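Asker: Below is the file query01.txt, which contains compact mmCIF, C-alpha atoms and all ligand atoms.
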# COMPACT_ATOMS: atom_id res chain seq x y z
CA MET A 1 -4.22 82.14 22.22
CA LYS A 2 -1.62 83.92 24.30
CA LYS A 3 0.88 86.08 22.44
CA CYS A 4 4.14 84.21 22.17
CA LEU A 5 7.65 84.90 20.88
CA ILE A 6 10.05 82.06 20.09
CA ILE A 7 13.77 82.83 20.11
CA TYR A 8 16.02 80.14 18.70
CA SER A 9 19.43 79.19 17.39
CA SER A 10 19.93 76.39 14.88
CA TYR A 11 23.08 75.87 12.83
CA HIS A 12 24.07 72.20 12.65
CA HIS A 13 21.32 70.88 10.38
CA GLY A 14 18.43 73.34 10.92
CA ASN A 15 16.78 70.79 13.22
CA THR A 16 15.67 73.27 15.86
CA ALA A 17 14.49 75.69 13.17
CA LYS A 18 12.07 72.97 12.04
CA LEU A 19 10.66 72.74 15.56
CA ALA A 20 10.40 76.51 15.91
CA ASN A 21 8.56 76.76 12.59
CA ALA A 22 6.14 73.97 13.50
CA MET A 23 5.44 75.60 16.86
CA ALA A 24 4.80 78.97 15.19
CA GLU A 25 2.47 77.36 12.67
CA ALA A 26 0.45 75.71 15.45
CA SER A 27 0.19 78.73 17.74
CA GLY A 28 0.65 81.90 15.69
CA ALA A 29 3.80 82.62 17.70
CA GLU A 30 6.37 84.97 16.23
CA ILE A 31 9.79 83.43 15.70
CA ARG A 32 13.18 85.07 15.61
CA THR A 33 16.69 83.73 15.41
CA VAL A 34 19.10 84.91 18.10
CA ASP A 35 20.75 87.14 15.48
CA ARG A 36 17.56 89.09 14.87
CA VAL A 37 16.32 89.59 18.37
CA GLN A 38 18.10 92.75 19.60
CA ASP A 39 15.18 95.09 18.94
CA ALA A 40 12.45 92.74 20.17
CA ASP A 41 10.19 94.22 22.82
CA LEU A 42 9.49 91.37 25.21
CA ASP A 43 6.77 93.32 26.97
CA GLN A 44 4.54 92.71 23.95
CA TYR A 45 4.49 88.97 24.62
CA GLU A 46 2.86 86.89 27.32
CA ILE A 47 5.11 83.88 26.75
CA ILE A 48 8.69 83.56 25.49
CA GLY A 49 10.16 80.28 24.22
CA PHE A 50 13.92 79.67 24.05
CA GLY A 51 15.31 76.81 21.96
CA SER A 52 18.45 75.55 20.23
CA GLY A 53 20.45 72.48 19.43
CA ILE A 54 22.64 71.02 22.15
CA ALA A 55 26.44 71.27 22.12
CA TYR A 56 28.44 69.46 24.78
CA GLY A 57 25.38 68.88 26.93
CA LYS A 58 24.01 72.43 26.90
CA HIS A 59 22.00 74.83 24.76
CA TYR A 60 24.14 76.83 22.32
CA ASP A 61 26.04 79.72 23.93
CA LYS A 62 24.49 82.08 21.41
CA LEU A 63 21.05 81.34 22.80
CA THR A 64 22.14 81.74 26.42
CA LYS A 65 23.80 85.06 25.56
CA ALA A 66 20.63 86.28 23.82
CA MET A 67 18.57 85.22 26.81
CA ASN A 68 20.83 87.19 29.14
CA GLN A 69 20.16 90.36 27.14
CA PHE A 70 16.56 90.39 28.22
CA ARG A 71 14.75 91.07 31.43
CA VAL A 72 12.80 87.86 31.84
CA GLN A 73 11.82 88.51 35.44
CA GLY A 74 8.17 87.67 35.97
CA LYS A 75 7.79 86.28 32.43
CA ASP A 76 6.26 82.93 31.54
CA VAL A 77 8.89 81.09 29.50
CA PHE A 78 9.46 77.67 28.03
CA VAL A 79 12.55 75.84 26.83
CA PHE A 80 13.10 73.42 23.96
CA SER A 81 15.98 71.61 22.30
CA THR A 82 16.99 69.10 19.67
CA SER A 83 19.99 66.84 20.19
CA GLY A 84 21.48 63.60 18.94
CA THR A 85 19.99 61.73 21.88
CA GLY A 86 16.86 63.84 22.40
CA ASN A 87 17.48 63.84 26.15
CA ILE A 88 15.18 66.37 27.85
CA ASN A 89 17.61 66.67 30.78
CA TYR A 90 19.79 68.82 28.53
CA ASN A 91 17.23 71.57 29.11
CA ALA A 92 18.01 71.70 32.83
CA ALA A 93 20.87 74.23 32.74
CA LEU A 94 18.91 76.81 30.75
CA ILE A 95 15.84 76.25 32.93
CA ASP A 96 18.01 76.92 35.96
CA LEU A 97 19.36 80.15 34.48
CA LEU A 98 15.89 81.35 33.60
CA LYS A 99 14.60 80.58 37.08
CA LYS A 100 17.55 82.40 38.61
CA SER A 101 16.65 85.40 36.43
CA GLY A 102 13.16 85.39 37.92
CA ALA A 103 11.26 83.83 35.01
CA SER A 104 8.48 81.32 35.52
CA VAL A 105 9.32 78.19 33.50
CA ILE A 106 6.03 76.73 32.28
CA GLY A 107 7.30 73.97 30.00
CA SER A 108 10.19 71.99 28.58
CA PHE A 109 10.32 70.06 25.30
CA ALA A 110 13.02 68.00 23.61
CA CYS A 111 13.35 65.64 20.68
CA LYS A 112 16.04 64.03 18.57
CA GLY A 113 17.78 65.92 15.78
CA TYR A 114 20.01 64.60 13.04
CA ASP A 115 23.56 64.66 14.36
CA THR A 116 26.76 64.34 12.35
CA PHE A 117 29.07 65.85 14.95
CA GLY A 118 32.56 64.37 15.35
CA PRO A 119 32.84 60.61 14.97
CA PHE A 120 29.13 60.27 14.15
CA LYS A 121 29.94 61.73 10.73
CA LEU A 122 31.94 58.61 9.92
CA ILE A 123 28.90 56.40 10.37
CA GLY A 124 26.52 58.68 8.46
CA GLY A 125 25.25 60.42 11.56
CA VAL A 126 22.72 59.48 14.23
CA SER A 127 19.02 60.27 14.60
CA LYS A 128 18.75 60.57 10.84
CA GLY A 129 15.37 61.94 9.72
CA HIS A 130 14.73 63.72 13.04
CA PRO A 131 12.87 65.80 13.84
CA ASN A 132 10.33 63.65 12.02
CA SER A 133 6.60 64.18 11.60
CA ASP A 134 5.86 62.64 15.02
CA ASP A 135 8.38 64.98 16.68
CA LEU A 136 6.83 67.99 14.96
CA ALA A 137 3.31 66.89 15.93
CA ALA A 138 4.44 66.54 19.56
CA ALA A 139 6.03 70.01 19.43
CA LYS A 140 2.77 71.46 18.10
CA LYS A 141 0.77 69.84 20.90
CA PHE A 142 3.28 71.12 23.42
CA ILE A 143 3.00 74.76 22.34
CA GLN A 144 -0.76 74.59 22.10
CA ARG A 145 -0.82 73.56 25.76
CA MET A 146 1.41 76.55 26.58
CA THR A 147 -0.52 79.16 24.66
CA THR A 148 -4.20 78.28 25.09
C1 LIG A 201 29.55 70.85 18.43
C2 LIG A 201 28.38 69.90 18.67
C3 LIG A 201 28.21 69.32 19.92
C4 LIG A 201 27.12 68.46 20.14
N1 LIG A 201 26.94 67.93 21.41
C5 LIG A 201 25.88 67.09 21.62
C6 LIG A 201 25.68 66.52 22.92
O1 LIG A 201 26.39 66.78 23.89
N2 LIG A 201 24.63 65.64 23.07
C7 LIG A 201 23.77 65.32 22.03
O2 LIG A 201 22.86 64.51 22.23
N3 LIG A 201 23.93 65.89 20.80
C8 LIG A 201 24.94 66.77 20.58
N4 LIG A 201 25.11 67.35 19.33
C9 LIG A 201 24.08 67.13 18.28
C10 LIG A 201 23.13 68.33 18.12
O3 LIG A 201 22.63 68.76 19.37
C11 LIG A 201 21.93 67.96 17.22
O4 LIG A 201 22.38 67.54 15.96
C12 LIG A 201 20.96 69.13 17.11
O5 LIG A 201 19.72 68.66 16.62
C13 LIG A 201 21.46 70.23 16.20
O6 LIG A 201 20.51 71.26 16.17
P1 LIG A 201 20.47 72.35 15.00
O7 LIG A 201 20.44 71.62 13.67
O8 LIG A 201 19.20 73.09 15.27
O9 LIG A 201 21.67 73.23 15.17
C14 LIG A 201 26.19 68.18 19.08
C15 LIG A 201 26.40 68.78 17.83
C16 LIG A 201 27.45 69.64 17.61
C17 LIG A 201 27.63 70.29 16.24
If you took the structure in this file and wrote it as structure tokens, what would it be?
Answerer:
Amino acid sequence: MKKCLIIYSSYHHGNTAKLANAMAEASGAEIRTVDRVQDADLDQYEIIGFGSGIAYGKHYDKLTKAMNQFRVQGKDVFVFSTSGTGNINYNAALIDLLKKSGASVIGSFACKGYDTFGPFKLIGGVSKGHPNSDDLAAAKKFIQRMTT
């Protein structure tokens, strides 16, 4: 198993935190929220994962800001997200930024996450129950492919 650090931000319903925890459980990766990452020494890790919920079509600003703090040049990285729709194309902007910073993007993962933002609240939200056990199993498989 390669040594892996997962950095994430999750505030809406803790959806992305569930993914990060499942990934850590399956791979032995360390996980840190963006608020607790300042003193992390990236050189200790062979792979870094960046994940958050999606707001207005992009990863949370907090995650992007945290990512910008680090020198990711030459690092193997992966990206993940949860969103109301689960659209993996939402990962594209962060992947682009990472590539521009010289990182090697080795994977991308996305799934649905319970969403009560804006008008969705009125109808009880969308993607209720997500991430579900299938989503978490897929996330575990994904990280095992990255780290073994
Ligand atoms: C301010 C805001 C904006 C959002 N924008 C989108 C969006 O553009 N597309 C989408 O599919 N989901 C959107 N969502 C839903 C969240 O991405 C989804 O609920 C996600 O799983 C939340 O992750 P978290 O619980 O880890 O914070 C939005 C949610 C919030 C609160």
Asker: Quick one: which chain A residues come within 9 Å of ligand LIG 201 (chain A), and what is the nearest atom pair for each with the distance in Å to one decimal, counting all atoms listed in the file, rows ordered by chain and ascending number, as CSV?
Answerer:
residue,atom,partner,partner_atom,distance
A:Tyr8,CA,A:LIG201,O8,8.5
A:Ser9,CA,A:LIG201,O8,6.5
A:Ser10,CA,A:LIG201,O8,3.4
A:Tyr11,CA,A:LIG201,O9,3.8
A:His12,CA,A:LIG201,O9,3.6
A:His13,CA,A:LIG201,O7,3.5
A:Gly14,CA,A:LIG201,O7,3.8
A:Asn15,CA,A:LIG201,O7,3.8
A:Thr16,CA,A:LIG201,O8,3.6
A:Ala17,CA,A:LIG201,O8,5.8
A:Lys18,CA,A:LIG201,O8,7.8
A:Leu19,CA,A:LIG201,O8,8.6
A:Gly51,CA,A:LIG201,O8,8.6
A:Ser52,CA,A:LIG201,O8,5.6
A:Gly53,CA,A:LIG201,O6,3.5
A:Ile54,CA,A:LIG201,O3,3.6
A:Ala55,CA,A:LIG201,C3,3.4
A:Tyr56,CA,A:LIG201,O1,3.5
A:Gly57,CA,A:LIG201,O1,3.8
A:Lys58,CA,A:LIG201,O1,6.8
A:His59,CA,A:LIG201,O3,8.1
A:Tyr60,CA,A:LIG201,O9,8.4
A:Ser81,CA,A:LIG201,O5,7.4
A:Thr82,CA,A:LIG201,O5,4.1
A:Ser83,CA,A:LIG201,O3,3.4
A:Gly84,CA,A:LIG201,O2,3.7
A:Thr85,CA,A:LIG201,O2,4.0
A:Gly86,CA,A:LIG201,O2,6.0
A:Asn87,CA,A:LIG201,O2,6.7
A:Tyr90,CA,A:LIG201,N2,8.0
A:Cys111,CA,A:LIG201,O5,8.1
A:Lys112,CA,A:LIG201,O5,6.2
A:Gly113,CA,A:LIG201,O5,3.5
A:Tyr114,CA,A:LIG201,O4,4.8
A:Asp115,CA,A:LIG201,O4,3.5
A:Thr116,CA,A:LIG201,O4,6.5
A:Phe117,CA,A:LIG201,C17,4.8
A:Gly118,CA,A:LIG201,C16,7.7
A:Gly125,CA,A:LIG201,O4,8.8
A:Val126,CA,A:LIG201,O4,8.3
A:Ser127,CA,A:LIG201,O4,8.1
A:His130,CA,A:LIG201,O5,7.9
A:Pro131,CA,A:LIG201,O5,7.9
Asker: Take the residues from that selection and put them in a file with C-alpha atoms, as an mmCIF file, keeping the file's coordinate frame.
Answerer:
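Result file is selection05.cif:
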data_model
loop_
_atom_site.group_PDB
_atom_site.id
_atom_site.type_symbol
_atom_site.label_atom_id
_atom_site.label_comp_id
_atom_site.auth_asym_id
_atom_site.auth_seq_id
_atom_site.Cartn_x
_atom_site.Cartn_y
_atom_site.Cartn_z
ATOM 1 C CA TYR A 8 16.020 80.140 18.700
ATOM 2 C CA SER A 9 19.430 79.190 17.390
ATOM 3 C CA SER A 10 19.930 76.390 14.880
ATOM 4 C CA TYR A 11 23.080 75.870 12.830
ATOM 5 C CA HIS A 12 24.070 72.200 12.650
ATOM 6 C CA HIS A 13 21.320 70.880 10.380
ATOM 7 C CA GLY A 14 18.430 73.340 10.920
ATOM 8 C CA ASN A 15 16.780 70.790 13.220
ATOM 9 C CA THR A 16 15.670 73.270 15.860
ATOM 10 C CA ALA A 17 14.490 75.690 13.170
ATOM 11 C CA LYS A 18 12.070 72.970 12.040
ATOM 12 C CA LEU A 19 10.660 72.740 15.560
ATOM 13 C CA GLY A 51 15.310 76.810 21.960
ATOM 14 C CA SER A 52 18.450 75.550 20.230
ATOM 15 C CA GLY A 53 20.450 72.480 19.430
ATOM 16 C CA ILE A 54 22.640 71.020 22.150
ATOM 17 C CA ALA A 55 26.440 71.270 22.120
ATOM 18 C CA TYR A 56 28.440 69.460 24.780
ATOM 19 C CA GLY A 57 25.380 68.880 26.930
ATOM 20 C CA LYS A 58 24.010 72.430 26.900
ATOM 21 C CA HIS A 59 22.000 74.830 24.760
ATOM 22 C CA TYR A 60 24.140 76.830 22.320
ATOM 23 C CA SER A 81 15.980 71.610 22.300
ATOM 24 C CA THR A 82 16.990 69.100 19.670
ATOM 25 C CA SER A 83 19.990 66.840 20.190
ATOM 26 C CA GLY A 84 21.480 63.600 18.940
ATOM 27 C CA THR A 85 19.990 61.730 21.880
ATOM 28 C CA GLY A 86 16.860 63.840 22.400
ATOM 29 C CA ASN A 87 17.480 63.840 26.150
ATOM 30 C CA TYR A 90 19.790 68.820 28.530
ATOM 31 C CA CYS A 111 13.350 65.640 20.680
ATOM 32 C CA LYS A 112 16.040 64.030 18.570
ATOM 33 C CA GLY A 113 17.780 65.920 15.780
ATOM 34 C CA TYR A 114 20.010 64.600 13.040
ATOM 35 C CA ASP A 115 23.560 64.660 14.360
ATOM 36 C CA THR A 116 26.760 64.340 12.350
ATOM 37 C CA PHE A 117 29.070 65.850 14.950
ATOM 38 C CA GLY A 118 32.560 64.370 15.350
ATOM 39 C CA GLY A 125 25.250 60.420 11.560
ATOM 40 C CA VAL A 126 22.720 59.480 14.230
ATOM 41 C CA SER A 127 19.020 60.270 14.600
ATOM 42 C CA HIS A 130 14.730 63.720 13.040
ATOM 43 C CA PRO A 131 12.870 65.800 13.840
#
Asker: Calculated over only C-alpha atoms, which of the candidates A:Asp135, A:Glu46, A:Glu25, A:Asp39 has the smallest distance to Leu5 (chain A)?
Answerer: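 Of A:Asp135, A:Glu46, A:Glu25, A:Asp39, the one nearest Leu5 (chain A), counting only C-alpha atoms, is A:Glu46.
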Asker: Around all listed atoms of region 112-117 of chain A, padded 6 Å per side, what centre and edge lengths does the axis-aligned box have in Å to one decimal, as lines of an AutoDock Vina configuration file?
Answerer:
center_x = 22.6
center_y = 65.0
center_z = 15.5
size_x = 25.0
size_y = 13.9
size_z = 18.2
Asker: So what do you get for CA of Asn132 (chain A) versus CA of Ala26 (chain A), distance-wise?
Answerer: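 A separation of 16.0 Å between them.
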Asker: Show which residues sit within 9 Å of Cys4 (chain A), as a ChimeraX atom specification. Count all atoms listed in the file, and ignore same-chain residues fewer than 6 positions away.
Answerer: /A:24,27-31,44-49,147
Asker: Using all atoms listed in the file, which residue out of A:Lys140, A:Lys65, A:Lys2, A:Arg36 lies closest to Leu97 (chain A)?
Answerer: A:Lys65
Asker: With distances taken over all atoms listed in the file, which of A:Phe120, A:Phe50, A:Phe142, A:Phe80 is nearest to Thr64 (chain A)?
Answerer: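 Smallest separation from Thr64 (chain A) among the options: A:Phe50.
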Asker: Determine, counting only C-alpha atoms, which protein, DNA and RNA residues have an atom within 10 Å of an atom of Leu98 (chain A); residues of the same chain fewer than 3 positions away are not included. Present the result as JSON, numbers by chain.
Answerer: {"A": [50, 64, 67, 68, 72, 73, 75, 76, 77, 78, 79, 92, 93, 94, 95, 101, 102, 103, 104, 105]}
Asker: Choose the residue, out of A:Leu122, A:Ala22, A:Ile106, A:Ala40, that has the smallest atom-to-atom separation from Arg145 (chain A); count all atoms listed in the file.
Answerer: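 Among the listed residues, the smallest separation from Arg145 (chain A) belongs to A:Ile106.
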